[in-house]
>>> print(open('upload.txt').read())   # compact mmCIF, C-alpha atoms
# COMPACT_ATOMS: atom_id res chain seq x y z
CA MET A 720 0.00 0.00 0.00
CA SER A 721 1.30 3.45 -0.88
CA ARG A 722 1.98 6.03 1.82
CA PHE A 723 -0.55 8.80 2.28
CA GLN A 724 0.42 11.82 0.23
CA GLN A 725 -0.96 15.32 -0.17
CA GLY A 726 0.70 16.03 -3.48
CA SER A 727 1.88 19.53 -4.30
CA LEU A 728 -0.09 22.36 -5.86
CA PHE A 729 1.84 25.23 -7.39
CA LYS A 730 1.53 28.02 -9.90
CA LEU A 731 3.48 27.61 -13.12
CA GLU A 732 4.44 30.77 -14.94
CA ARG A 733 4.17 30.94 -18.71
CA LYS A 734 5.48 33.49 -21.12
CA SER A 735 3.04 33.38 -24.03
CA CYS A 736 -0.17 32.49 -22.16
CA PRO A 737 -1.72 32.93 -18.72
CA ASP A 738 -0.13 31.16 -15.76
CA VAL A 739 -1.64 27.80 -14.72
CA TRP A 740 -2.14 25.83 -11.52
CA VAL A 741 -0.34 22.46 -11.60
CA PHE A 742 -0.79 19.50 -9.28
CA ARG A 743 2.11 17.06 -8.81
CA TRP A 744 2.13 13.62 -7.18
CA TYR A 745 3.80 10.23 -7.50
CA GLU A 746 2.71 6.66 -8.26
CA ASN A 747 4.50 3.40 -7.57
CA VAL A 748 4.81 1.44 -10.82
CA SER A 749 6.72 -1.87 -10.75
CA ALA A 750 8.29 -0.96 -7.40
CA LYS A 751 9.55 2.30 -8.88
CA ARG A 752 8.33 5.75 -7.94
CA THR A 753 7.13 7.77 -10.92
CA TYR A 754 6.24 11.44 -10.63
CA LYS A 755 3.25 12.78 -12.49
CA LYS A 756 1.59 16.15 -12.87
CA ARG A 757 -1.61 17.55 -14.26
CA ILE A 758 -2.72 21.07 -15.16
CA ILE A 759 -5.74 21.98 -13.03
CA GLY A 760 -6.66 25.25 -14.72
CA SER A 761 -5.48 28.75 -15.55
CA VAL A 762 -5.25 31.59 -13.06
CA ALA A 763 -7.95 33.33 -15.08
CA LYS A 764 -10.45 30.65 -14.03
CA LEU A 765 -8.95 29.77 -10.64
CA ARG A 766 -8.11 33.21 -9.30
CA ASN A 767 -6.59 32.18 -5.99
CA ARG A 768 -5.14 29.17 -4.23
CA ARG A 769 -8.38 28.40 -2.38
CA GLU A 770 -10.24 27.89 -5.65
CA ALA A 771 -7.40 25.76 -6.99
CA GLU A 772 -7.42 23.61 -3.84
CA ARG A 773 -11.14 23.05 -4.25
CA ALA A 774 -10.68 22.02 -7.90
CA VAL A 775 -7.97 19.50 -7.02
CA MET A 776 -9.87 17.92 -4.12
CA ALA A 777 -11.18 14.88 -6.04
CA LEU A 778 -7.80 14.17 -7.63
CA ARG A 779 -5.98 14.47 -4.31
CA SER A 780 -8.38 11.93 -2.77
CA SER A 781 -7.89 9.41 -5.57
CA ILE A 782 -4.08 9.36 -5.37
CA ASN A 783 -4.23 8.01 -1.82
CA ALA A 784 -6.13 4.83 -2.62
CA ASP A 785 -4.74 1.32 -2.94
CA VAL A 786 -3.50 -0.23 -6.16
CA GLY A 787 -6.96 -1.70 -6.78
CA THR A 788 -8.68 1.67 -6.62
CA PRO A 789 -11.26 2.13 -9.41
CA LYS A 790 -10.00 4.65 -11.94
CA SER A 791 -13.07 4.96 -14.16
CA VAL A 792 -16.82 4.97 -13.66
CA CYS A 793 -16.95 1.50 -15.22
CA ASP A 794 -14.44 0.19 -12.66
CA LEU A 795 -16.45 1.78 -9.85
CA ALA A 796 -19.66 0.17 -11.14
CA ALA A 797 -17.96 -3.23 -11.14
CA HIS A 798 -16.79 -2.71 -7.54
CA TYR A 799 -20.29 -1.58 -6.53
CA ARG A 800 -21.86 -4.70 -8.06
CA LEU A 801 -19.40 -6.92 -6.25
CA HIS A 802 -19.83 -5.40 -2.79
CA GLU A 803 -23.31 -3.85 -2.74
CA LEU A 804 -25.53 -5.75 -5.16
CA THR A 805 -25.54 -8.94 -3.11
CA ARG A 806 -28.37 -11.04 -1.72
CA GLU A 807 -27.56 -9.90 1.78
CA ARG A 808 -27.77 -6.19 0.94
CA LYS A 809 -30.21 -5.78 -1.96
CA ALA A 810 -33.36 -7.49 -3.16
CA PHE A 811 -33.28 -9.39 -6.43
CA THR A 812 -35.43 -6.74 -8.14
CA THR A 813 -33.12 -3.93 -7.08
CA THR A 814 -30.07 -5.85 -8.23
CA GLU A 815 -31.57 -6.53 -11.66
CA ASN A 816 -32.77 -2.95 -12.12
CA TYR A 817 -29.35 -1.56 -11.22
CA ARG A 818 -27.64 -4.01 -13.58
CA ILE A 819 -29.88 -2.96 -16.47
CA LEU A 820 -29.35 0.75 -15.82
CA PHE A 821 -25.58 0.23 -15.68
CA LYS A 822 -25.55 -1.68 -18.96
CA ARG A 823 -28.00 0.42 -20.98
CA HIS A 824 -27.31 3.97 -19.84
CA ILE A 825 -24.54 4.67 -17.35
CA GLU A 826 -21.61 2.62 -18.65
CA PRO A 827 -22.07 3.48 -22.37
CA ARG A 828 -22.04 7.23 -21.59
CA TRP A 829 -19.83 7.59 -18.51
CA GLY A 830 -17.99 4.28 -18.14
CA HIS A 831 -14.76 5.37 -19.87
CA LEU A 832 -14.37 8.60 -17.88
CA GLN A 833 -12.26 8.99 -14.78
CA LEU A 834 -14.21 9.50 -11.57
CA SER A 835 -13.04 13.08 -11.23
CA ALA A 836 -13.98 13.91 -14.84
CA VAL A 837 -17.75 13.63 -14.37
CA ARG A 838 -19.31 17.08 -14.02
CA THR A 839 -22.66 18.06 -12.53
CA ILE A 840 -23.87 20.12 -15.49
CA GLN A 841 -22.87 17.43 -17.99
CA VAL A 842 -24.90 14.81 -16.14
CA GLU A 843 -27.86 17.17 -15.87
CA GLU A 844 -27.81 17.93 -19.62
CA TRP A 845 -27.46 14.23 -20.40
CA LEU A 846 -30.51 13.35 -18.31
CA HIS A 847 -32.59 16.06 -19.99
CA SER A 848 -31.60 14.71 -23.43
CA LEU A 849 -32.83 11.18 -22.75
CA ALA A 850 -36.20 10.13 -24.17
CA LEU A 851 -37.34 8.70 -20.85
CA ALA A 852 -40.09 9.43 -18.38
CA PRO A 853 -39.19 11.85 -15.55
CA SER A 854 -39.33 9.05 -12.99
CA SER A 855 -36.83 7.00 -15.04
CA LYS A 856 -34.46 9.97 -15.24
CA ALA A 857 -34.73 10.45 -11.49
CA LYS A 858 -33.93 6.77 -11.00
CA LEU A 859 -30.83 7.09 -13.21
CA LYS A 860 -29.66 10.04 -11.16
CA SER A 861 -30.23 8.07 -7.95
CA VAL A 862 -28.20 5.09 -9.18
CA LEU A 863 -25.34 7.26 -10.42
CA SER A 864 -25.34 9.13 -7.12
CA ALA A 865 -25.21 5.81 -5.27
CA LEU A 866 -22.02 4.97 -7.19
CA TYR A 867 -20.31 8.15 -6.03
CA SER A 868 -21.57 7.72 -2.48
CA HIS A 869 -19.97 4.26 -2.61
CA ALA A 870 -16.68 5.84 -3.68
CA ILE A 871 -16.89 8.38 -0.84
CA ARG A 872 -17.57 5.59 1.65
CA TYR A 873 -14.31 3.90 0.57
CA GLU A 874 -12.53 7.28 0.76
CA TRP A 875 -11.67 7.33 -2.93
CA LEU A 876 -13.48 10.63 -3.38
CA THR A 877 -14.59 13.46 -1.12
CA PHE A 878 -17.33 15.02 -3.24
CA ASN A 879 -20.41 13.65 -5.01
CA PRO A 880 -20.99 15.65 -8.23
CA ILE A 881 -24.39 14.01 -8.74
CA SER A 882 -25.82 15.47 -5.54
CA LYS A 883 -26.31 18.86 -7.25
CA VAL A 884 -27.93 17.49 -10.40
CA ARG A 885 -31.48 18.81 -10.81
CA THR A 886 -34.18 16.42 -11.99
CA SER A 887 -37.93 16.15 -11.66
CA SER A 888 -39.99 13.00 -11.13
CA LYS A 889 -43.30 14.73 -11.84
CA ARG A 890 -45.72 12.59 -13.84
CA LEU A 891 -46.37 13.51 -17.46
CA ARG A 892 -50.08 12.87 -16.93
CA ASP A 893 -52.39 11.97 -14.10
CA LYS A 894 -53.27 8.38 -13.25
CA ASP A 895 -56.41 6.85 -14.72
CA VAL A 896 -58.87 6.21 -11.89
CA LEU A 897 -62.09 4.29 -12.52
CA THR A 898 -65.21 5.08 -10.58
CA PRO A 899 -67.00 2.20 -8.78
CA GLU A 900 -69.69 2.21 -11.49
CA GLU A 901 -67.09 2.01 -14.28
CA LEU A 902 -65.26 -0.81 -12.52
CA GLN A 903 -68.50 -2.75 -12.10
CA ARG A 904 -69.36 -2.37 -15.80
CA LEU A 905 -65.84 -3.46 -16.70
CA ALA A 906 -66.02 -6.59 -14.52
CA GLU A 907 -69.31 -7.61 -16.14
CA GLN A 908 -67.62 -7.76 -19.54
CA LEU A 909 -64.80 -10.06 -18.42
CA SER A 910 -64.29 -13.79 -18.43
CA VAL A 911 -64.00 -15.69 -15.16
CA ARG A 912 -60.22 -15.50 -15.17
CA ASP A 913 -60.04 -11.81 -16.11
CA ARG A 914 -62.70 -10.91 -13.57
CA ALA A 915 -60.78 -12.75 -10.83
CA MET A 916 -57.63 -10.83 -11.70
CA VAL A 917 -59.35 -7.44 -11.69
CA LEU A 918 -61.32 -8.06 -8.50
CA LEU A 919 -58.25 -9.30 -6.66
CA ALA A 920 -56.23 -6.22 -7.65
CA GLU A 921 -59.13 -3.84 -7.02
CA SER A 922 -60.09 -5.20 -3.60
CA THR A 923 -56.59 -5.58 -2.15
CA GLY A 924 -54.28 -3.11 -3.91
CA LEU A 925 -51.57 -5.78 -4.01
CA ARG A 926 -48.49 -5.41 -6.16
CA ARG A 927 -48.23 -7.67 -9.20
CA SER A 928 -45.32 -9.53 -7.65
CA GLU A 929 -47.41 -10.21 -4.53
CA MET A 930 -50.45 -11.38 -6.51
CA ILE A 931 -48.41 -13.87 -8.52
CA ALA A 932 -46.88 -15.36 -5.34
CA LEU A 933 -50.21 -15.98 -3.58
CA THR A 934 -51.29 -19.50 -2.73
CA TRP A 935 -54.82 -20.65 -1.95
CA SER A 936 -53.83 -21.13 1.66
CA ASP A 937 -53.04 -17.41 1.83
CA LEU A 938 -56.73 -16.60 1.30
CA ASN A 939 -58.72 -16.71 4.51
CA VAL A 940 -62.35 -16.72 3.38
CA ARG A 941 -63.55 -16.95 6.96
CA THR A 942 -61.98 -13.62 7.99
CA MET A 943 -61.93 -12.24 4.42
CA GLU A 944 -58.21 -11.49 4.53
CA VAL A 945 -55.16 -12.16 2.37
CA ASN A 946 -51.89 -13.10 4.04
CA VAL A 947 -49.10 -11.63 1.92
CA LEU A 948 -46.01 -13.67 2.74
CA ARG A 949 -43.84 -13.52 -0.38
CA SER A 950 -43.40 -11.99 -3.81
CA CYS A 951 -42.37 -13.28 -7.23
CA VAL A 952 -40.33 -11.17 -9.65
CA ARG A 953 -39.06 -12.61 -12.93
CA ASN A 954 -39.80 -16.15 -11.74
CA ARG A 955 -37.86 -15.69 -8.51
CA PHE A 956 -39.64 -15.98 -5.17
CA GLY A 957 -38.48 -13.87 -2.26
CA LYS A 958 -39.48 -11.45 0.44
CA THR A 959 -42.00 -8.67 -0.06
CA LYS A 960 -40.81 -5.18 -0.93
CA THR A 961 -41.33 -3.85 2.59
CA GLU A 962 -42.04 -5.31 6.02
CA ALA A 963 -45.38 -3.47 6.11
CA SER A 964 -46.43 -5.40 3.00
CA ARG A 965 -46.49 -8.61 5.04
CA HIS A 966 -49.47 -7.51 7.09
CA PRO A 967 -52.85 -9.16 6.34
CA VAL A 968 -54.87 -7.34 3.70
CA PRO A 969 -58.70 -7.28 3.98
CA LEU A 970 -60.81 -8.55 1.10
CA HIS A 971 -63.88 -6.74 -0.13
CA ARG A 972 -67.15 -8.63 0.12
CA SER A 973 -67.49 -8.51 -3.68
CA PHE A 974 -64.49 -10.82 -3.89
CA SER A 975 -65.40 -14.42 -3.22
CA THR A 976 -63.87 -17.72 -4.28
CA ARG A 977 -67.38 -19.02 -4.92
CA SER A 978 -67.56 -16.86 -8.05
CA TRP A 979 -64.61 -18.78 -9.51
CA THR A 980 -66.19 -22.20 -9.33
CA GLY A 981 -67.47 -24.12 -12.31
CA GLU A 982 -65.19 -24.68 -15.24
CA GLN A 983 -62.16 -23.42 -13.26
CA SER A 984 -62.73 -25.63 -10.20
CA ARG A 985 -59.78 -27.90 -11.01
CA SER A 986 -57.42 -24.92 -11.28
CA MET A 987 -58.67 -23.65 -7.96
CA ARG A 988 -57.49 -26.80 -6.22
CA ARG A 989 -53.89 -26.16 -7.26
CA LYS A 990 -51.39 -24.75 -4.86
CA TRP A 991 -50.54 -21.45 -6.57
CA ILE A 992 -53.26 -18.96 -7.41
CA SER A 993 -51.05 -17.86 -10.28
CA CYS A 994 -51.78 -21.25 -11.89
CA PHE A 995 -55.37 -20.05 -12.19
CA LEU A 996 -54.25 -16.81 -13.86
CA ARG A 997 -52.37 -18.31 -16.81
CA PHE A 998 -52.62 -18.75 -20.55
CA GLY A 999 -51.86 -22.46 -20.85
CA SER A 1000 -48.26 -22.84 -19.74
CA GLU A 1001 -47.32 -19.13 -19.94
CA ALA A 1002 -47.90 -16.76 -17.04
CA ILE A 1003 -49.96 -13.65 -17.67
CA ASN A 1004 -48.33 -10.27 -18.11
CA LEU A 1005 -50.76 -8.38 -15.90
CA SER A 1006 -50.02 -4.94 -17.35
CA ALA A 1007 -50.49 -6.11 -20.93
CA GLN A 1008 -53.59 -8.03 -19.92
CA MET A 1009 -55.19 -4.97 -18.33
CA ARG A 1010 -54.43 -2.88 -21.41
CA ARG A 1011 -56.04 -5.51 -23.60
CA ILE A 1012 -59.14 -5.52 -21.42
CA CYS A 1013 -59.48 -1.73 -21.49
CA GLU A 1014 -59.14 -1.64 -25.27
CA HIS A 1015 -62.66 -3.13 -25.42
CA SER A 1016 -64.08 -0.65 -22.93
CA ALA A 1017 -65.15 2.99 -23.10
CA TRP A 1018 -62.14 4.36 -21.20
CA THR A 1019 -59.34 4.02 -23.75
CA SER A 1020 -59.46 7.74 -24.53
CA ARG A 1021 -58.12 8.66 -21.08
>>> encode(input="upload.txt", output="structure tokens")
Amino acid sequence: MSRFQQGSLFKLERKSCPDVWVFRWYENVSAKRTYKKRIIGSVAKLRNRREAERAVMALRSSINADVGTPKSVCDLAAHYRLHELTRERKAFTTTENYRILFKRHIEPRWGHLQLSAVRTIQVEEWLHSLALAPSSKAKLKSVLSALYSHAIRYEWLTFNPISKVRTSSKRLRDKDVLTPEELQRLAEQLSVRDRAMVLLAESTGLRRSEMIALTWSDLNVRTMEVNVLRSCVRNRFGKTKTEASRHPVPLHRSFSTRSWTGEQSRSMRRKWISCFLRFGSEAINLSAQMRRICEHSAWTSR
């Protein structure tokens, strides 16, 4: 491990152009000390030593790290995946979402840059240029900020440039909310399976992952409650998103297993309720299924 060093910051005089601030430090390469230097900026931009010290802060922090210190954003993302995106620390859904954001957005644009080269305004302009919903842009900012917070935690950096990035998560349009009368008319048009799906979502407010992971034993018809004990995301069963989600959820009186009897009685005897909500051997995509249902209703113009 290298010794802690402050490096040296000095003003270099030039004859044909303005003087510049230069930072000098050393690195151990193959057991040999090699001195390096980098121009921080001109005295026209950094008018005094205090401003120059502030500009060199990130670089000074990075020169004191071990040999395995991440040099680029891509290296930092790899270190973050190894130490933070684990089963013990993050849920499977969070891990997958972070991995996708790294691969599709962050690494292609910022992966090759050094950690100290990422600027607040550049990130802000990049986010505004993306053809994504505001909530997705806010999520990208949050993930990128988590990377730099990870670097600060390991004392590779002292400042998070993403913390000053301005984004908005405001919805582009309001949510579509059906009145009780509209929901009743919609349910009357549905098949047994579709009606069961809509009534279960409407009466409980469960997440899709929680609905898919329900078993028949989780439904208590006597007390009219649903015991939410697990979730299923991308065919992986695990814990619910929050601890509060594990509390029993009351069922509305309009929801009754008796309405599912008849041709679906054999499916009802299976262990997983999700077996009842399937197209043959393929599980239903609930979002796509709801869109398909509403295409035949009078509310598609919303």
>>> atom_distance(input="upload.txt", atom1="CA of Leu918 (chain A)", atom2="CA of Pro967 (chain A)")
17.1 Å
>>> residues_around(input="upload.txt", residues="Arg965 (chain A)", least_positions_apart="6", cutoff="9 Å", atoms="only C-alpha atoms", output="ChimeraX atom specification")
/A:946-949,958-959
>>> write_last_selection(input="upload.txt", atoms="C-alpha atoms", output="mmCIF file, in the coordinates of the input")
data_model
loop_
_atom_site.group_PDB
_atom_site.id
_atom_site.type_symbol
_atom_site.label_atom_id
_atom_site.label_comp_id
_atom_site.auth_asym_id
_atom_site.auth_seq_id
_atom_site.Cartn_x
_atom_site.Cartn_y
_atom_site.Cartn_z
ATOM 1 C CA ASN A 946 -51.890 -13.100 4.040
ATOM 2 C CA VAL A 947 -49.100 -11.630 1.920
ATOM 3 C CA LEU A 948 -46.010 -13.670 2.740
ATOM 4 C CA ARG A 949 -43.840 -13.520 -0.380
ATOM 5 C CA LYS A 958 -39.480 -11.450 0.440
ATOM 6 C CA THR A 959 -42.000 -8.670 -0.060
#
>>> residues_around(input="upload.txt", residues="Ala771 (chain A)", least_positions_apart="6", cutoff="8 Å", atoms="all atoms listed in the file", output="VMD selection string")
chain A and resid 740 759 to 760 765
>>> atom_distance(input="upload.txt", atom1="CA of Ala932 (chain A)", atom2="CA of Cys951 (chain A)")
5.3 Å
>>> closest_residue(input="upload.txt", among="A:Phe811, A:Tyr754, A:Phe878, A:Phe742", to="Thr839 (chain A)", atoms="only C-alpha atoms")
A:Phe878
>>> closest_residue(input="upload.txt", among="A:Asp913, A:Tyr867, A:Lys860, A:Arg752", to="Glu844 (chain A)", atoms="all atoms listed in the file")
A:Lys860
>>> residues_around(input="upload.txt", residues="Leu970 (chain A)", least_positions_apart="3", cutoff="6 Å", atoms="all atoms listed in the file", output="count of residues only")
3
>>> closest_residue(input="upload.txt", among="A:Leu728, A:Ile840, A:Met776, A:Leu834", to="Thr788 (chain A)", atoms="only C-alpha atoms")
A:Leu834
>>> atom_distance(input="upload.txt", atom1="CA of Val968 (chain A)", atom2="CA of Thr923 (chain A)")
6.3 Å
>>> closest_atom_pairs(input="upload.txt", of="region 843-910 of chain A", to="region 789-801 of chain A", cutoff="8 Å", atoms="only C-alpha atoms", output="Markdown table")
| residue | atom | partner | partner_atom | distance |
| --- | --- | --- | --- | --- |
| A:Leu866 | CA | A:Ala796 | CA | 6.6 |
| A:His869 | CA | A:Tyr799 | CA | 7.0 |
| A:Ala870 | CA | A:Leu795 | CA | 7.4 |
>>> write_last_selection(input="upload.txt", atoms="C-alpha atoms", output="mmCIF file, in the frame of the given file")
data_model
loop_
_atom_site.group_PDB
_atom_site.id
_atom_site.type_symbol
_atom_site.label_atom_id
_atom_site.label_comp_id
_atom_site.auth_asym_id
_atom_site.auth_seq_id
_atom_site.Cartn_x
_atom_site.Cartn_y
_atom_site.Cartn_z
ATOM 1 C CA LEU A 866 -22.020 4.970 -7.190
ATOM 2 C CA HIS A 869 -19.970 4.260 -2.610
ATOM 3 C CA ALA A 870 -16.680 5.840 -3.680
#
>>> residues_around(input="upload.txt", residues="Ser887 (chain A)", least_positions_apart="5", cutoff="10 Å", atoms="all atoms listed in the file", output="list in words")
His847, Ala852, Pro853, Ser854, Ser855, Lys856 and Ala857 of chain A
>>> closest_residue(input="upload.txt", among="A:Gly726, A:Val896, A:Thr753, A:Leu905", to="Val741 (chain A)", atoms="all atoms listed in the file")
A:Gly726
>>> residues_around(input="upload.txt", residues="Arg838 (chain A)", least_positions_apart="2", cutoff="10 Å", atoms="all atoms listed in the file", output="PDB file with C-alpha atoms, keeping the file's coordinate frame")
ATOM      1  CA  LEU A 834     -14.210   9.500 -11.570  1.00  0.00           C
ATOM      2  CA  SER A 835     -13.040  13.080 -11.230  1.00  0.00           C
ATOM      3  CA  ALA A 836     -13.980  13.910 -14.840  1.00  0.00           C
ATOM      4  CA  ILE A 840     -23.870  20.120 -15.490  1.00  0.00           C
ATOM      5  CA  GLN A 841     -22.870  17.430 -17.990  1.00  0.00           C
ATOM      6  CA  VAL A 842     -24.900  14.810 -16.140  1.00  0.00           C
ATOM      7  CA  GLU A 843     -27.860  17.170 -15.870  1.00  0.00           C
ATOM      8  CA  ASN A 879     -20.410  13.650  -5.010  1.00  0.00           C
ATOM      9  CA  PRO A 880     -20.990  15.650  -8.230  1.00  0.00           C
ATOM     10  CA  ILE A 881     -24.390  14.010  -8.740  1.00  0.00           C
ATOM     11  CA  LYS A 883     -26.310  18.860  -7.250  1.00  0.00           C
ATOM     12  CA  VAL A 884     -27.930  17.490 -10.400  1.00  0.00           C
TER      13      VAL A 884
END
>>> closest_residue(input="upload.txt", among="A:Ser888, A:Ile931, A:Phe729, A:Trp744", to="Arg769 (chain A)", atoms="only C-alpha atoms")
A:Phe729
